[in-house]
$ cat query-v7.txt   # compact mmCIF, C-alpha atoms
# COMPACT_ATOMS: atom_id res chain seq x y z
CA MET A 21 0.00 0.00 0.00
CA SER A 22 1.32 3.42 -0.88
CA SER A 23 0.75 6.24 1.56
CA ILE A 24 0.54 9.99 1.65
CA PRO A 25 3.40 11.40 3.75
CA THR A 26 2.10 12.10 7.25
CA LEU A 27 2.76 15.82 7.32
CA LEU A 28 1.40 16.38 3.82
CA HIS A 29 -1.81 14.51 4.61
CA ALA A 30 -2.31 16.47 7.85
CA GLN A 31 -1.63 19.75 6.07
CA ARG A 32 -4.18 18.99 3.35
CA ILE A 33 -6.86 18.10 5.90
CA ASP A 34 -6.04 21.17 7.98
CA GLN A 35 -6.25 23.43 4.93
CA ALA A 36 -9.64 22.01 4.03
CA LEU A 37 -11.25 21.92 7.45
CA SER A 38 -9.79 24.97 9.16
CA ARG A 39 -11.59 27.45 6.89
CA ALA A 40 -14.61 27.50 9.20
CA PRO A 41 -15.45 26.43 12.75
CA VAL A 42 -18.31 24.21 11.59
CA VAL A 43 -18.60 21.80 8.67
CA PRO A 44 -22.25 21.37 7.63
CA VAL A 45 -23.07 17.67 7.26
CA LEU A 46 -25.51 17.52 4.37
CA SER A 47 -27.93 14.85 3.22
CA ILE A 48 -29.19 16.10 -0.15
CA ALA A 49 -32.10 14.16 -1.57
CA ARG A 50 -32.90 16.48 -4.50
CA ILE A 51 -30.14 17.40 -6.89
CA GLU A 52 -31.80 20.75 -7.56
CA ASP A 53 -31.21 21.73 -3.92
CA ALA A 54 -27.45 21.24 -4.06
CA VAL A 55 -26.31 24.53 -5.57
CA PRO A 56 -28.68 26.94 -3.76
CA LEU A 57 -27.98 25.15 -0.47
CA ALA A 58 -24.24 25.41 -0.97
CA ARG A 59 -24.52 29.08 -1.90
CA ALA A 60 -26.60 29.82 1.22
CA LEU A 61 -24.03 28.12 3.45
CA VAL A 62 -21.08 29.81 1.77
CA ASP A 63 -22.81 33.20 1.97
CA GLY A 64 -23.36 32.55 5.67
CA GLY A 65 -19.66 31.95 6.23
CA LEU A 66 -19.45 28.15 6.09
CA PRO A 67 -17.50 27.31 2.92
CA VAL A 68 -16.47 23.75 3.87
CA LEU A 69 -19.24 21.26 3.11
CA GLU A 70 -19.61 17.54 3.72
CA VAL A 71 -22.12 15.92 1.35
CA THR A 72 -22.93 12.51 2.76
CA LEU A 73 -23.36 9.47 0.56
CA ARG A 74 -26.76 8.71 2.08
CA THR A 75 -28.87 9.58 -0.95
CA GLU A 76 -28.88 8.75 -4.63
CA ALA A 77 -28.37 12.44 -5.39
CA ALA A 78 -25.13 12.71 -3.41
CA ILE A 79 -22.59 12.17 -6.21
CA GLY A 80 -24.45 14.53 -8.53
CA ALA A 81 -24.68 17.08 -5.73
CA ILE A 82 -20.93 16.99 -5.15
CA ARG A 83 -20.29 17.45 -8.85
CA ALA A 84 -22.79 20.33 -9.15
CA ILE A 85 -21.39 22.18 -6.14
CA ARG A 86 -17.85 21.70 -7.36
CA GLU A 87 -18.73 23.12 -10.77
CA GLN A 88 -21.13 25.91 -9.82
CA VAL A 89 -20.01 27.08 -6.37
CA PRO A 90 -16.24 27.43 -6.69
CA GLU A 91 -15.99 29.25 -3.35
CA ALA A 92 -17.06 26.07 -1.58
CA SER A 93 -14.68 23.35 -0.48
CA VAL A 94 -16.88 20.31 -0.98
CA GLY A 95 -16.03 16.93 0.43
CA ALA A 96 -17.85 13.64 0.72
CA GLY A 97 -19.03 11.99 3.90
CA THR A 98 -20.22 8.49 4.79
CA VAL A 99 -17.43 7.07 2.63
CA LEU A 100 -17.50 3.40 3.58
CA SER A 101 -15.51 1.56 0.94
CA ALA A 102 -12.87 1.76 -1.76
CA ARG A 103 -15.68 2.02 -4.29
CA ASP A 104 -17.15 5.03 -2.47
CA LEU A 105 -13.75 6.69 -2.32
CA SER A 106 -13.19 6.21 -6.03
CA ALA A 107 -16.64 7.57 -6.87
CA VAL A 108 -16.31 10.74 -4.82
CA GLU A 109 -12.84 11.42 -6.16
CA ALA A 110 -14.18 11.10 -9.70
CA ALA A 111 -17.01 13.50 -8.81
CA GLY A 112 -14.50 16.14 -7.79
CA ALA A 113 -14.68 15.97 -4.00
CA GLY A 114 -11.77 17.70 -2.35
CA PHE A 115 -11.64 15.33 0.60
CA ALA A 116 -13.39 12.26 1.97
CA ILE A 117 -14.72 11.60 5.47
CA ALA A 118 -15.55 8.19 6.89
CA PRO A 119 -17.55 7.40 10.04
CA GLY A 120 -15.04 4.65 10.83
CA ALA A 121 -12.19 2.95 9.00
CA THR A 122 -11.35 -0.52 7.75
CA ASP A 123 -8.03 -1.83 6.50
CA ALA A 124 -9.51 -1.97 3.00
CA LEU A 125 -10.52 1.70 3.17
CA TYR A 126 -7.11 2.72 4.50
CA ALA A 127 -5.49 0.78 1.65
CA ALA A 128 -7.65 2.52 -0.93
CA ALA A 129 -6.91 5.91 0.63
CA GLY A 130 -3.21 5.26 0.20
CA ASP A 131 -3.72 5.21 -3.56
CA ALA A 132 -6.24 8.07 -3.74
CA GLN A 133 -5.44 11.62 -4.76
CA ILE A 134 -7.76 13.17 -2.18
CA PRO A 135 -7.13 12.99 1.57
CA LEU A 136 -9.24 10.80 3.82
CA LEU A 137 -10.41 11.78 7.30
CA PRO A 138 -11.01 8.38 8.92
CA GLY A 139 -13.45 8.01 11.78
CA ILE A 140 -12.48 6.75 15.23
CA ALA A 141 -14.33 6.33 18.51
CA THR A 142 -11.78 4.54 20.69
CA ALA A 143 -8.12 4.72 21.66
CA SER A 144 -7.40 1.45 19.84
CA GLU A 145 -8.93 2.75 16.60
CA LEU A 146 -6.92 5.94 17.00
CA MET A 147 -3.70 3.98 17.55
CA HIS A 148 -4.35 1.95 14.40
CA GLY A 149 -4.77 5.13 12.35
CA LEU A 150 -1.64 6.65 13.83
CA GLU A 151 0.32 3.50 12.96
CA LEU A 152 -0.68 4.01 9.33
CA GLY A 153 0.57 7.59 9.35
CA TYR A 154 -2.68 9.47 9.96
CA GLN A 155 -2.86 12.36 12.41
CA ARG A 156 -6.29 13.81 11.61
CA PHE A 157 -9.52 11.98 12.43
CA LYS A 158 -13.26 12.30 12.61
CA PHE A 159 -14.39 11.57 16.18
CA PHE A 160 -17.74 9.87 15.71
CA PRO A 161 -20.29 9.56 17.19
CA ALA A 162 -18.90 12.32 19.38
CA GLU A 163 -21.49 12.80 22.08
CA SER A 164 -22.22 9.13 22.65
CA SER A 165 -18.52 8.21 22.55
CA GLY A 166 -17.49 10.39 25.47
CA GLY A 167 -17.65 13.83 23.93
CA ILE A 168 -15.40 16.55 25.31
CA ALA A 169 -14.12 14.35 28.14
CA ALA A 170 -12.90 11.73 25.66
CA LEU A 171 -11.13 14.30 23.50
CA LYS A 172 -9.41 15.76 26.54
CA SER A 173 -8.26 12.27 27.47
CA PHE A 174 -6.91 11.64 23.96
CA ALA A 175 -4.82 14.82 24.14
CA GLY A 176 -2.36 13.34 26.63
CA PRO A 177 -1.12 10.13 24.98
CA PHE A 178 -2.00 11.23 21.43
CA ALA A 179 -0.78 14.81 21.33
CA GLN A 180 -0.13 14.68 17.58
CA ALA A 181 -3.76 13.85 16.74
CA LYS A 182 -6.43 16.42 15.93
CA PHE A 183 -10.11 15.88 15.35
CA CYS A 184 -13.35 16.90 13.70
CA PRO A 185 -15.94 15.69 16.23
CA THR A 186 -19.36 14.96 14.73
CA GLY A 187 -22.52 13.38 16.07
CA GLY A 188 -24.94 14.92 18.53
CA ILE A 189 -23.29 18.35 18.42
CA ASP A 190 -25.49 21.42 18.13
CA ALA A 191 -25.07 25.19 18.41
CA ALA A 192 -25.11 25.04 22.21
CA LYS A 193 -22.48 22.29 22.47
CA ALA A 194 -20.15 23.38 19.67
CA PRO A 195 -18.27 26.18 21.48
CA ALA A 196 -16.95 23.84 24.18
CA TYR A 197 -15.62 21.48 21.51
CA LEU A 198 -14.05 24.33 19.55
CA ALA A 199 -12.23 25.51 22.67
CA LEU A 200 -10.23 22.25 22.77
CA PRO A 201 -6.74 22.56 21.28
CA ASN A 202 -7.02 19.19 19.52
CA VAL A 203 -10.22 20.13 17.66
CA ILE A 204 -9.89 21.66 14.19
CA THR A 205 -13.58 22.11 13.50
CA VAL A 206 -16.86 20.38 14.33
CA GLY A 207 -19.40 18.72 12.07
CA GLY A 208 -23.12 19.24 12.41
CA SER A 209 -26.38 19.68 10.58
CA TRP A 210 -28.32 22.04 12.84
CA MET A 211 -27.91 24.95 10.41
CA VAL A 212 -29.84 22.99 7.77
CA PRO A 213 -33.20 22.16 9.39
CA ALA A 214 -35.19 19.59 7.46
CA ASP A 215 -38.17 21.90 7.03
CA ALA A 216 -36.00 24.74 5.71
CA LEU A 217 -34.34 22.42 3.22
CA ALA A 218 -37.67 20.97 2.11
CA SER A 219 -39.17 24.41 1.52
CA GLY A 220 -36.07 25.96 -0.02
CA ASP A 221 -35.78 28.59 2.71
CA TRP A 222 -32.23 29.51 1.78
CA ALA A 223 -32.36 32.81 3.69
CA ARG A 224 -33.07 30.99 6.94
CA ILE A 225 -30.26 28.54 6.28
CA ALA A 226 -27.87 31.39 5.49
CA ASN A 227 -28.78 33.10 8.77
CA LEU A 228 -28.22 29.91 10.75
CA ALA A 229 -24.90 29.48 8.95
CA ARG A 230 -23.86 33.00 10.02
CA GLU A 231 -24.60 32.11 13.62
CA ALA A 232 -22.56 28.92 13.30
CA ALA A 233 -19.67 30.77 11.64
CA ALA A 234 -19.57 33.14 14.61
CA LEU A 235 -18.82 30.23 16.95
CA ARG A 236 -15.11 30.29 16.13
CA THR A 237 -13.15 30.68 19.34
CA ALA A 238 -9.65 32.00 19.85
CA ARG A 239 -7.14 29.23 20.45

$ encode --input "query-v7.txt" --output "structure tokens"
Amino acid sequence: MSSIPTLLHAQRIDQALSRAPVVPVLSIARIEDAVPLARALVDGGLPVLEVTLRTEAAIGAIRAIREQVPEASVGAGTVLSARDLSAVEAAGAGFAIAPGATDALYAAAGDAQIPLLPGIATASELMHGLELGYQRFKFFPAESSGGIAALKSFAGPFAQAKFCPTGGIDAAKAPAYLALPNVITVGGSWMVPADALASGDWARIANLAREAAALRTAR
């Protein structure tokens, strides 16, 4: 298996994720929603987007955002396999995020041109990723896996690791996560309420994005 040099991989993830304090986690069911949704989020100050592979429209949505909203840094989430990774890379995703990680996915990521943010929930999973040269991880599901206390505990033995915690985080909980030195950004979907997405209320989504963008804390 080939591998991306550790520092280069970390730098590419940091460059992608550090542009905003929150990464909207998006489940886009209608391809026609992709571009206006992305524009609303970017206008609100959240230019880094994670389009999850939970719908049939996901690949088309990534491609449309990439082509029509150049200000956005669009990545793919819920990447579960080598096939998923290949598909999102072909669609133009700038990065891939997985809720966990298997040896097969790590192997595929070693040959991919886009960086992977593998998911971990335990110290053993984190150690396995570190052994393979990774230093940046999705901590998922954050709240039910120990939340802030777990991330504080990871900071001691795994000082080189940094995280994008996702899962159960909302506007009220995000600031405490962002205050941790080993957190780059947080993932969440609270700025895209289901009813606002269904009705195309892009102004409401943009306003919620502005509130989320203001959550950045000084390190």

$ residues_around --input "query-v7.txt" --residues "Pro185 in chain A" --least-positions-apart "2" --cutoff "9 Å" --atoms "only C-alpha atoms" --output "list in words"
Phe157, Lys158, Phe159, Phe160, Pro161, Ala162, Glu163, Gly167, Leu171, Phe183, Gly187, Ile189, Tyr197, Val203, Ile204, Thr205, Val206, Gly207 and Gly208 of chain A

$ atom_distance --input "query-v7.txt" --atom1 "CA of His148 in chain A" --atom2 "CA of Asp190 in chain A"
29.0 Å

$ residues_around --input "query-v7.txt" --residues "Asp63 in chain A" --least-positions-apart "4" --cutoff "10 Å" --atoms "only C-alpha atoms" --output "list in words"
Leu57, Ala58, Arg59, Pro67, Glu91, Ala92, Ala223, Ile225, Ala226, Asn227, Ala229 and Arg230 of chain A

$ atom_distance --input "query-v7.txt" --atom1 "CA of Ser219 in chain A" --atom2 "CA of Val55 in chain A"
14.7 Å

$ closest_residue --input "query-v7.txt" --among "A:Lys182, A:Arg236, A:Arg83, A:His29" --to "Val71 in chain A" --atoms "all atoms listed in the file"
A:Arg83

$ closest_residue --input "query-v7.txt" --among "A:Leu46, A:Ile168, A:Thr26, A:Ala118" --to "Trp210 in chain A" --atoms "all atoms listed in the file"
A:Leu46

$ residues_around --input "query-v7.txt" --residues "range 121-135 of chain A" --least-positions-apart "5" --cutoff "9 Å" --atoms "all atoms listed in the file" --output "list of chain:residue names"
A:Met21, A:Ser22, A:Ser23, A:Ile24, A:His29, A:Ala30, A:Arg32, A:Ile33, A:Val99, A:Leu100, A:Ser101, A:Ala102, A:Arg103, A:Leu105, A:Ser106, A:Glu109, A:Ala113, A:Gly114, A:Phe115, A:Ala116, A:Ile140, A:Glu145, A:Gly149, A:Leu152

$ closest_residue --input "query-v7.txt" --among "A:Ser47, A:Thr186, A:Ser144, A:Gln155" --to "Asn202 in chain A" --atoms "only C-alpha atoms"
A:Gln155

$ residues_around --input "query-v7.txt" --residues "Ala49 in chain A" --least-positions-apart "2" --cutoff "8 Å" --atoms "all atoms listed in the file" --output "list in words"
Ser47, Ile51, Asp53, Thr75, Glu76, Ala77 and Ala78 of chain A

$ closest_residue --input "query-v7.txt" --among "A:Ala84, A:Leu217, A:Val42, A:Asp104" --to "Gly65 in chain A" --atoms "all atoms listed in the file"
A:Val42

$ closest_residue --input "query-v7.txt" --among "A:Ile79, A:Met147, A:Leu66, A:Ala36" --to "Glu231 in chain A" --atoms "all atoms listed in the file"
A:Leu66

$ closest_residue --input "query-v7.txt" --among "A:Ala233, A:Ala192, A:Leu27, A:Ala214" --to "Ala40 in chain A" --atoms "all atoms listed in the file"
A:Ala233

$ atom_distance --input "query-v7.txt" --atom1 "CA of Ile85 in chain A" --atom2 "CA of Val62 in chain A"
11.0 Å

$ axis_aligned_box --input "query-v7.txt" --around "range 216-231 of chain A" --padding-each-side "6 Å" --output "AutoDock Vina command-line options"
--center_x -31.5 --center_y 27.0 --center_z 6.8 --size_x 27.3 --size_y 24.1 --size_z 25.6
